[in-house]
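A short write-up of the structure that comes next.
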Amino acid sequence: MAQQAQFDQGQFCCSICLDLLRHPVTVPCGHNYCSGCIEGFWSQDDQRGRFSCPQCSQTFIPRPVLKKNNMLAEIMDLLKKTRLQGVPTDHCYAGPGDVPCDVCTGRKLKAVKTCLQCLVSYCDTHLQPHYQSPAFKKHKLIEASSKLQENICSLHDEVTKLFCRTDQQCICYLCSVEEHKGHDMISAAAERTEKQRELDTSQKNFQQRIHEGEKDIKVFALIRDSAEEQRNRVEQEITELRRRHAELEHISHVEDHIHFLQHYTSLSASTHPVSSNVRPMRYFEDVTVAVAKMRDQLENIPKDKEEGTMVSETVIRLDGLLSAPEPKTRAEFIIYSRPITLDPNTANTDLSLSKGNRKVTWIDKQQSYPHHPERFTEVCQVLSREGLTGLCYWEVEMIGQRVDIAVSYIDISRTGYVYECQFGRNDKSWSLMCYKRSYDFRYNDTGTFIPGPVSSRVGVYLDHSAGTLSFYSVSDTMTLLHRVETTFTSPLYAGFWLPPINGSNVELCDL
């Protein structure tokens, strides 16, 4: 019984003083209060002649005559006795590492919730008004937190409810009209929603990479075991060959012709090397296939700059052994398709990215991208997030009077004269200019006219190690438009240029 009373005692607390009812009275709407608490509350409204319930806001005229609630009074006496006999156990009190209730006096109970509007942490008892009173209906409750100070602006001592995208920091309302006036701002909740989507995508990507990495470990183990088996076979063959070589060496020095002839017959089968199933080159062909499958995964794993450079150089060296003849059919090309996304940090402010950063559109309204040193400021261009090496294939769908499809080194200029930045106008990039009725290929500001055939879809095939870059018109068949033969010295990045015409867009196709 005592345990039940302790568990339910929150139901018998006055919503004004938040303590057990003292001399309980019931107002006409049915809610109960301490006699002194409700009388004091109504005394504040005496001059207006209207008296309301603090919980449901029902109004009473004239002031009600309050009478003692005898049943509640008896329950209160019982609760007070059990309260004295069963003081809350230690696990109810706030200890090291717990968040204490900000309302409790004396020894504080553990807080169960924190209110982001009140900026106060409450124990279960003092939290009840937030559940019972409509005045607290819109208050945001979270798990008890000791980090409330992080929600307060250090300049204005106000709650931070906005996020400044320009400066990438949380701000309060006063910041938005003073220090951050004119900046790109959004509510913290909306920014959280967007960042949550990015986080969810990153988690899925990491989970996929973990899965692929576990498969790679199995491949490496298989390669290791196979190599060990092949080594043992070769060692056995060498031992056998040495034994037979020694026998032949011995009989070749025998001076007695009869002895030589008698033993030669039995050794004649050994005058040729043993036939072996061990084919080291064929074995390494299998290894090459396994390495080819893992190459793209290794290139895409996030790393620091120095380690990333080492991986890129290693992959480029591997590609020297893995180059293959260029595919002929679209199905063969798609085998080498790569997931490519566009990097928002490189996009010109006249370009809008969508569809998971796989589509770019020119719009007559500057985008509110934050400042970034990799952004193209003079030309309407964007680069991919992924560096490309090895054998890669991707396709794009285009809409517009002209769209440029390009590949570029990462160190192409992002500011300055157009010839330094625009794809195809320098020695850092190669660009296919796609018009309505023809194409024009450009590198280092030297152009090559290409009559067609024209298609809204173009495929790009890169064999990095072989130094070939091919553009295809994609329809029912694959038609080669132009092929580059050169030497690529570092990873390449897919890129697009769009004209300043509303609706012009390019989308990376899902293959």
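Residue numbers start at 1 in each chain; chains themselves are named A, B, ... in the order of the structure tokens; ligands are numbered from 1 in the order shown.
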
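Residue neighbourhood of Asn70 (chain A), excluding near-sequence residues (fewer than 3 positions): A:His23, A:Pro24, A:Val25, A:Lys67, A:Ala73, A:Glu74, A:Ile75, at 9 Å, using only C-alpha atoms.
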
Could you give me, as a Markdown table, every region 314-376 of chain A residue with an atom at most 9 Å from region 152-170 of chain A, plus its closest atom pair and distance in Å to one decimal, counting only C-alpha atoms, rows ordered by chain then number?
| residue | atom | partner | partner_atom | distance |
| --- | --- | --- | --- | --- |
| A:Ser368 | CA | A:Thr166 | CA | 8.0 |
| A:Tyr369 | CA | A:Thr166 | CA | 7.7 |
| A:Pro370 | CA | A:Thr166 | CA | 5.2 |
| A:His371 | CA | A:Thr166 | CA | 7.4 |

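The gap separating CA of Met76 (chain A) from CA of Ile38 (chain A) is 17.2 Å, in Å to one decimal.
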
Could you list, with a cut-off of 9 Å and counting only C-alpha atoms, the residues of region 349-402 of chain A near region 416-421 of chain A, each shown with its nearest atom pair and the distance in Å rounded to one decimal, rows sorted by chain and ascending number, as CSV?
residue,atom,partner,partner_atom,distance
A:Phe376,CA,A:Cys421,CA,7.7
A:Thr377,CA,A:Gly416,CA,8.4
A:Glu378,CA,A:Val418,CA,6.9
A:Val379,CA,A:Val418,CA,7.0
A:Gln381,CA,A:Cys421,CA,9.0

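Nearest residue to Pro327 (chain A) among A:Arg50, A:Asp77, A:Leu261, A:Tyr393 is A:Tyr393, counting only C-alpha atoms.
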
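Of note, CA of Leu353 (chain A) and CA of Met398 (chain A) are spaced 14.4 Å apart.
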
### Message
Need to verify the contact set: His31 (chain A), 8 Å, only C-alpha atoms, exclusion of same-chain residues closer than 5 positions in sequence. Can you return it as a PyMOL selection string?
### Response
chain A and resi 26+53+55

Would you write out those residues with C-alpha atoms, as an mmCIF file, in the first residue's frame?
data_model
loop_
_atom_site.group_PDB
_atom_site.id
_atom_site.type_symbol
_atom_site.label_atom_id
_atom_site.label_comp_id
_atom_site.auth_asym_id
_atom_site.auth_seq_id
_atom_site.Cartn_x
_atom_site.Cartn_y
_atom_site.Cartn_z
ATOM 1 C CA THR A 26 -12.325 21.804 -4.925
ATOM 2 C CA CYS A 53 -9.136 27.916 -12.719
ATOM 3 C CA GLN A 55 -5.530 24.505 -14.965
#

With a distance cut-off of 10 Å and only C-alpha atoms, select the neighbouring residues of Tyr33 (chain A), excluding the residue or stretch itself and same-chain residues fewer than 4 positions from it, and output the selection as a PDB file with all heavy atoms, in the first residue's frame.
ATOM      1  N   PHE A  12      -1.770  13.921  -6.451  1.00  0.00           N
ATOM      2  CA  PHE A  12      -2.364  14.685  -5.355  1.00  0.00           C
ATOM      3  C   PHE A  12      -1.519  15.907  -5.011  1.00  0.00           C
ATOM      4  O   PHE A  12      -1.483  16.352  -3.879  1.00  0.00           O
ATOM      5  CB  PHE A  12      -2.517  13.780  -4.130  1.00  0.00           C
ATOM      6  CG  PHE A  12      -3.318  12.536  -4.408  1.00  0.00           C
ATOM      7  CD1 PHE A  12      -2.685  11.315  -4.591  1.00  0.00           C
ATOM      8  CD2 PHE A  12      -4.691  12.599  -4.527  1.00  0.00           C
ATOM      9  CE1 PHE A  12      -3.415  10.182  -4.871  1.00  0.00           C
ATOM     10  CE2 PHE A  12      -5.431  11.462  -4.800  1.00  0.00           C
ATOM     11  CZ  PHE A  12      -4.798  10.245  -4.980  1.00  0.00           C
ATOM     12  N   CYS A  13      -0.849  16.448  -6.008  1.00  0.00           N
ATOM     13  CA  CYS A  13      -0.051  17.659  -5.819  1.00  0.00           C
ATOM     14  C   CYS A  13      -0.832  18.866  -6.307  1.00  0.00           C
ATOM     15  O   CYS A  13      -1.565  18.807  -7.301  1.00  0.00           O
ATOM     16  CB  CYS A  13       1.272  17.572  -6.569  1.00  0.00           C
ATOM     17  SG  CYS A  13       2.427  16.393  -5.847  1.00  0.00           S
ATOM     18  N   CYS A  14      -0.687  19.957  -5.639  1.00  0.00           N
ATOM     19  CA  CYS A  14      -1.299  21.221  -6.050  1.00  0.00           C
ATOM     20  C   CYS A  14      -0.522  21.766  -7.241  1.00  0.00           C
ATOM     21  O   CYS A  14       0.718  21.856  -7.200  1.00  0.00           O
ATOM     22  CB  CYS A  14      -1.263  22.208  -4.882  1.00  0.00           C
ATOM     23  SG  CYS A  14      -1.784  23.890  -5.336  1.00  0.00           S
ATOM     24  N   SER A  15      -1.212  22.130  -8.321  1.00  0.00           N
ATOM     25  CA  SER A  15      -0.524  22.615  -9.516  1.00  0.00           C
ATOM     26  C   SER A  15       0.008  24.030  -9.340  1.00  0.00           C
ATOM     27  O   SER A  15       0.683  24.558 -10.236  1.00  0.00           O
ATOM     28  CB  SER A  15      -1.491  22.576 -10.711  1.00  0.00           C
ATOM     29  OG  SER A  15      -2.591  23.437 -10.495  1.00  0.00           O
ATOM     30  N   ILE A  16      -0.282  24.662  -8.186  1.00  0.00           N
ATOM     31  CA  ILE A  16       0.251  26.005  -7.940  1.00  0.00           C
ATOM     32  C   ILE A  16       1.568  25.916  -7.165  1.00  0.00           C
ATOM     33  O   ILE A  16       2.581  26.471  -7.566  1.00  0.00           O
ATOM     34  CB  ILE A  16      -0.772  26.872  -7.173  1.00  0.00           C
ATOM     35  CG1 ILE A  16      -2.043  27.046  -8.031  1.00  0.00           C
ATOM     36  CG2 ILE A  16      -0.163  28.234  -6.829  1.00  0.00           C
ATOM     37  CD1 ILE A  16      -3.149  27.815  -7.346  1.00  0.00           C
ATOM     38  N   CYS A  17       1.570  25.166  -6.037  1.00  0.00           N
ATOM     39  CA  CYS A  17       2.794  25.056  -5.235  1.00  0.00           C
ATOM     40  C   CYS A  17       3.591  23.806  -5.556  1.00  0.00           C
ATOM     41  O   CYS A  17       4.724  23.659  -5.110  1.00  0.00           O
ATOM     42  CB  CYS A  17       2.459  25.079  -3.746  1.00  0.00           C
ATOM     43  SG  CYS A  17       1.567  23.586  -3.177  1.00  0.00           S
ATOM     44  N   LEU A  18       3.000  22.857  -6.361  1.00  0.00           N
ATOM     45  CA  LEU A  18       3.654  21.632  -6.788  1.00  0.00           C
ATOM     46  C   LEU A  18       3.987  20.691  -5.642  1.00  0.00           C
ATOM     47  O   LEU A  18       4.842  19.812  -5.781  1.00  0.00           O
ATOM     48  CB  LEU A  18       4.931  21.940  -7.591  1.00  0.00           C
ATOM     49  CG  LEU A  18       4.755  22.864  -8.796  1.00  0.00           C
ATOM     50  CD1 LEU A  18       6.097  23.099  -9.473  1.00  0.00           C
ATOM     51  CD2 LEU A  18       3.763  22.272  -9.776  1.00  0.00           C
ATOM     52  N   LEU A  20       2.292  18.295  -2.113  1.00  0.00           N
ATOM     53  CA  LEU A  20       1.066  17.617  -1.724  1.00  0.00           C
ATOM     54  C   LEU A  20       0.043  18.630  -1.214  1.00  0.00           C
ATOM     55  O   LEU A  20       0.389  19.626  -0.553  1.00  0.00           O
ATOM     56  CB  LEU A  20       1.359  16.582  -0.638  1.00  0.00           C
ATOM     57  CG  LEU A  20       2.109  15.312  -1.081  1.00  0.00           C
ATOM     58  CD1 LEU A  20       2.353  14.411   0.113  1.00  0.00           C
ATOM     59  CD2 LEU A  20       1.337  14.574  -2.163  1.00  0.00           C
ATOM     60  N   LEU A  21      -1.234  18.380  -1.553  1.00  0.00           N
ATOM     61  CA  LEU A  21      -2.310  19.299  -1.180  1.00  0.00           C
ATOM     62  C   LEU A  21      -2.365  19.506   0.332  1.00  0.00           C
ATOM     63  O   LEU A  21      -2.326  18.548   1.112  1.00  0.00           O
ATOM     64  CB  LEU A  21      -3.646  18.753  -1.680  1.00  0.00           C
ATOM     65  CG  LEU A  21      -3.826  18.758  -3.215  1.00  0.00           C
ATOM     66  CD1 LEU A  21      -4.969  17.824  -3.608  1.00  0.00           C
ATOM     67  CD2 LEU A  21      -4.074  20.167  -3.720  1.00  0.00           C
ATOM     68  N   ARG A  22      -2.480  20.766   0.723  1.00  0.00           N
ATOM     69  CA  ARG A  22      -2.650  21.127   2.140  1.00  0.00           C
ATOM     70  C   ARG A  22      -4.021  21.788   2.280  1.00  0.00           C
ATOM     71  O   ARG A  22      -4.312  22.771   1.586  1.00  0.00           O
ATOM     72  CB  ARG A  22      -1.545  22.078   2.596  1.00  0.00           C
ATOM     73  CG  ARG A  22      -0.154  21.475   2.519  1.00  0.00           C
ATOM     74  CD  ARG A  22       0.899  22.435   3.084  1.00  0.00           C
ATOM     75  NE  ARG A  22       0.927  23.712   2.362  1.00  0.00           N
ATOM     76  CZ  ARG A  22       1.592  23.884   1.229  1.00  0.00           C
ATOM     77  NH1 ARG A  22       2.272  22.880   0.692  1.00  0.00           N
ATOM     78  NH2 ARG A  22       1.591  25.061   0.636  1.00  0.00           N
ATOM     79  N   HIS A  23      -4.859  21.228   3.143  1.00  0.00           N
ATOM     80  CA  HIS A  23      -6.236  21.720   3.289  1.00  0.00           C
ATOM     81  C   HIS A  23      -6.899  21.784   1.921  1.00  0.00           C
ATOM     82  O   HIS A  23      -7.280  22.852   1.419  1.00  0.00           O
ATOM     83  CB  HIS A  23      -6.266  23.108   3.945  1.00  0.00           C
ATOM     84  CG  HIS A  23      -5.519  23.166   5.241  1.00  0.00           C
ATOM     85  ND1 HIS A  23      -5.913  22.469   6.376  1.00  0.00           N
ATOM     86  CD2 HIS A  23      -4.367  23.817   5.592  1.00  0.00           C
ATOM     87  CE1 HIS A  23      -5.067  22.697   7.358  1.00  0.00           C
ATOM     88  NE2 HIS A  23      -4.111  23.515   6.909  1.00  0.00           N
ATOM     89  N   PRO A  24      -7.036  20.633   1.266  1.00  0.00           N
ATOM     90  CA  PRO A  24      -7.525  20.626  -0.112  1.00  0.00           C
ATOM     91  C   PRO A  24      -8.952  21.134  -0.252  1.00  0.00           C
ATOM     92  O   PRO A  24      -9.827  20.820   0.571  1.00  0.00           O
ATOM     93  CB  PRO A  24      -7.426  19.153  -0.507  1.00  0.00           C
ATOM     94  CG  PRO A  24      -7.467  18.400   0.774  1.00  0.00           C
ATOM     95  CD  PRO A  24      -6.775  19.272   1.784  1.00  0.00           C
ATOM     96  N   VAL A  25      -9.163  21.934  -1.305  1.00  0.00           N
ATOM     97  CA  VAL A  25     -10.493  22.431  -1.662  1.00  0.00           C
ATOM     98  C   VAL A  25     -10.707  22.159  -3.143  1.00  0.00           C
ATOM     99  O   VAL A  25      -9.755  22.033  -3.915  1.00  0.00           O
ATOM    100  CB  VAL A  25     -10.642  23.935  -1.352  1.00  0.00           C
ATOM    101  CG1 VAL A  25     -10.570  24.190   0.144  1.00  0.00           C
ATOM    102  CG2 VAL A  25      -9.588  24.741  -2.097  1.00  0.00           C
ATOM    103  N   THR A  26     -11.982  22.087  -3.529  1.00  0.00           N
ATOM    104  CA  THR A  26     -12.325  21.804  -4.925  1.00  0.00           C
ATOM    105  C   THR A  26     -13.075  22.993  -5.508  1.00  0.00           C
ATOM    106  O   THR A  26     -14.047  23.483  -4.906  1.00  0.00           O
ATOM    107  CB  THR A  26     -13.210  20.551  -5.027  1.00  0.00           C
ATOM    108  OG1 THR A  26     -12.536  19.457  -4.416  1.00  0.00           O
ATOM    109  CG2 THR A  26     -13.500  20.214  -6.487  1.00  0.00           C
ATOM    110  N   VAL A  27     -12.617  23.492  -6.665  1.00  0.00           N
ATOM    111  CA  VAL A  27     -13.286  24.613  -7.332  1.00  0.00           C
ATOM    112  C   VAL A  27     -14.414  24.044  -8.179  1.00  0.00           C
ATOM    113  O   VAL A  27     -14.460  22.827  -8.451  1.00  0.00           O
ATOM    114  CB  VAL A  27     -12.285  25.424  -8.176  1.00  0.00           C
ATOM    115  CG1 VAL A  27     -11.219  26.032  -7.284  1.00  0.00           C
ATOM    116  CG2 VAL A  27     -11.654  24.557  -9.243  1.00  0.00           C
ATOM    117  N   CYS A  37      -3.311  28.320  -1.518  1.00  0.00           N
ATOM    118  CA  CYS A  37      -2.778  28.607  -2.856  1.00  0.00           C
ATOM    119  C   CYS A  37      -3.842  29.221  -3.762  1.00  0.00           C
ATOM    120  O   CYS A  37      -3.608  30.222  -4.443  1.00  0.00           O
ATOM    121  CB  CYS A  37      -2.230  27.332  -3.492  1.00  0.00           C
ATOM    122  SG  CYS A  37      -0.746  26.693  -2.707  1.00  0.00           S
ATOM    123  N   ILE A  38      -5.068  28.631  -3.783  1.00  0.00           N
ATOM    124  CA  ILE A  38      -6.096  29.143  -4.685  1.00  0.00           C
ATOM    125  C   ILE A  38      -6.640  30.483  -4.203  1.00  0.00           C
ATOM    126  O   ILE A  38      -6.954  31.373  -5.002  1.00  0.00           O
ATOM    127  CB  ILE A  38      -7.229  28.108  -4.878  1.00  0.00           C
ATOM    128  CG1 ILE A  38      -8.156  28.538  -6.010  1.00  0.00           C
ATOM    129  CG2 ILE A  38      -7.978  27.872  -3.582  1.00  0.00           C
ATOM    130  CD1 ILE A  38      -7.480  28.597  -7.360  1.00  0.00           C
ATOM    131  N   GLU A  39      -6.724  30.647  -2.885  1.00  0.00           N
ATOM    132  CA  GLU A  39      -7.182  31.937  -2.363  1.00  0.00           C
ATOM    133  C   GLU A  39      -6.189  33.033  -2.725  1.00  0.00           C
ATOM    134  O   GLU A  39      -6.565  34.133  -3.131  1.00  0.00           O
ATOM    135  CB  GLU A  39      -7.373  31.857  -0.838  1.00  0.00           C
ATOM    136  CG  GLU A  39      -8.495  30.943  -0.372  1.00  0.00           C
ATOM    137  CD  GLU A  39      -9.885  31.522  -0.634  1.00  0.00           C
ATOM    138  OE1 GLU A  39      -9.981  32.618  -1.221  1.00  0.00           O
ATOM    139  OE2 GLU A  39     -10.876  30.861  -0.271  1.00  0.00           O
ATOM    140  N   CYS A  53      -9.893  29.083 -13.176  1.00  0.00           N
ATOM    141  CA  CYS A  53      -9.136  27.916 -12.719  1.00  0.00           C
ATOM    142  C   CYS A  53      -7.750  27.947 -13.366  1.00  0.00           C
ATOM    143  O   CYS A  53      -7.647  28.079 -14.593  1.00  0.00           O
ATOM    144  CB  CYS A  53      -9.872  26.632 -13.104  1.00  0.00           C
ATOM    145  SG  CYS A  53      -8.911  25.135 -12.770  1.00  0.00           S
ATOM    146  N   PRO A  54      -6.673  27.838 -12.593  1.00  0.00           N
ATOM    147  CA  PRO A  54      -5.312  27.883 -13.175  1.00  0.00           C
ATOM    148  C   PRO A  54      -5.047  26.755 -14.163  1.00  0.00           C
ATOM    149  O   PRO A  54      -4.168  26.877 -15.013  1.00  0.00           O
ATOM    150  CB  PRO A  54      -4.393  27.759 -11.948  1.00  0.00           C
ATOM    151  CG  PRO A  54      -5.238  28.205 -10.799  1.00  0.00           C
ATOM    152  CD  PRO A  54      -6.639  27.783 -11.127  1.00  0.00           C
ATOM    153  N   ASN A  69     -12.399  19.618   0.959  1.00  0.00           N
ATOM    154  CA  ASN A  69     -12.666  18.315   0.359  1.00  0.00           C
ATOM    155  C   ASN A  69     -12.236  17.260   1.373  1.00  0.00           C
ATOM    156  O   ASN A  69     -11.041  16.940   1.499  1.00  0.00           O
ATOM    157  CB  ASN A  69     -11.894  18.156  -0.954  1.00  0.00           C
ATOM    158  CG  ASN A  69     -12.281  16.898  -1.712  1.00  0.00           C
ATOM    159  OD1 ASN A  69     -12.461  15.853  -1.113  1.00  0.00           O
ATOM    160  ND2 ASN A  69     -12.368  17.015  -3.030  1.00  0.00           N
TER     161      ASN A  69
END
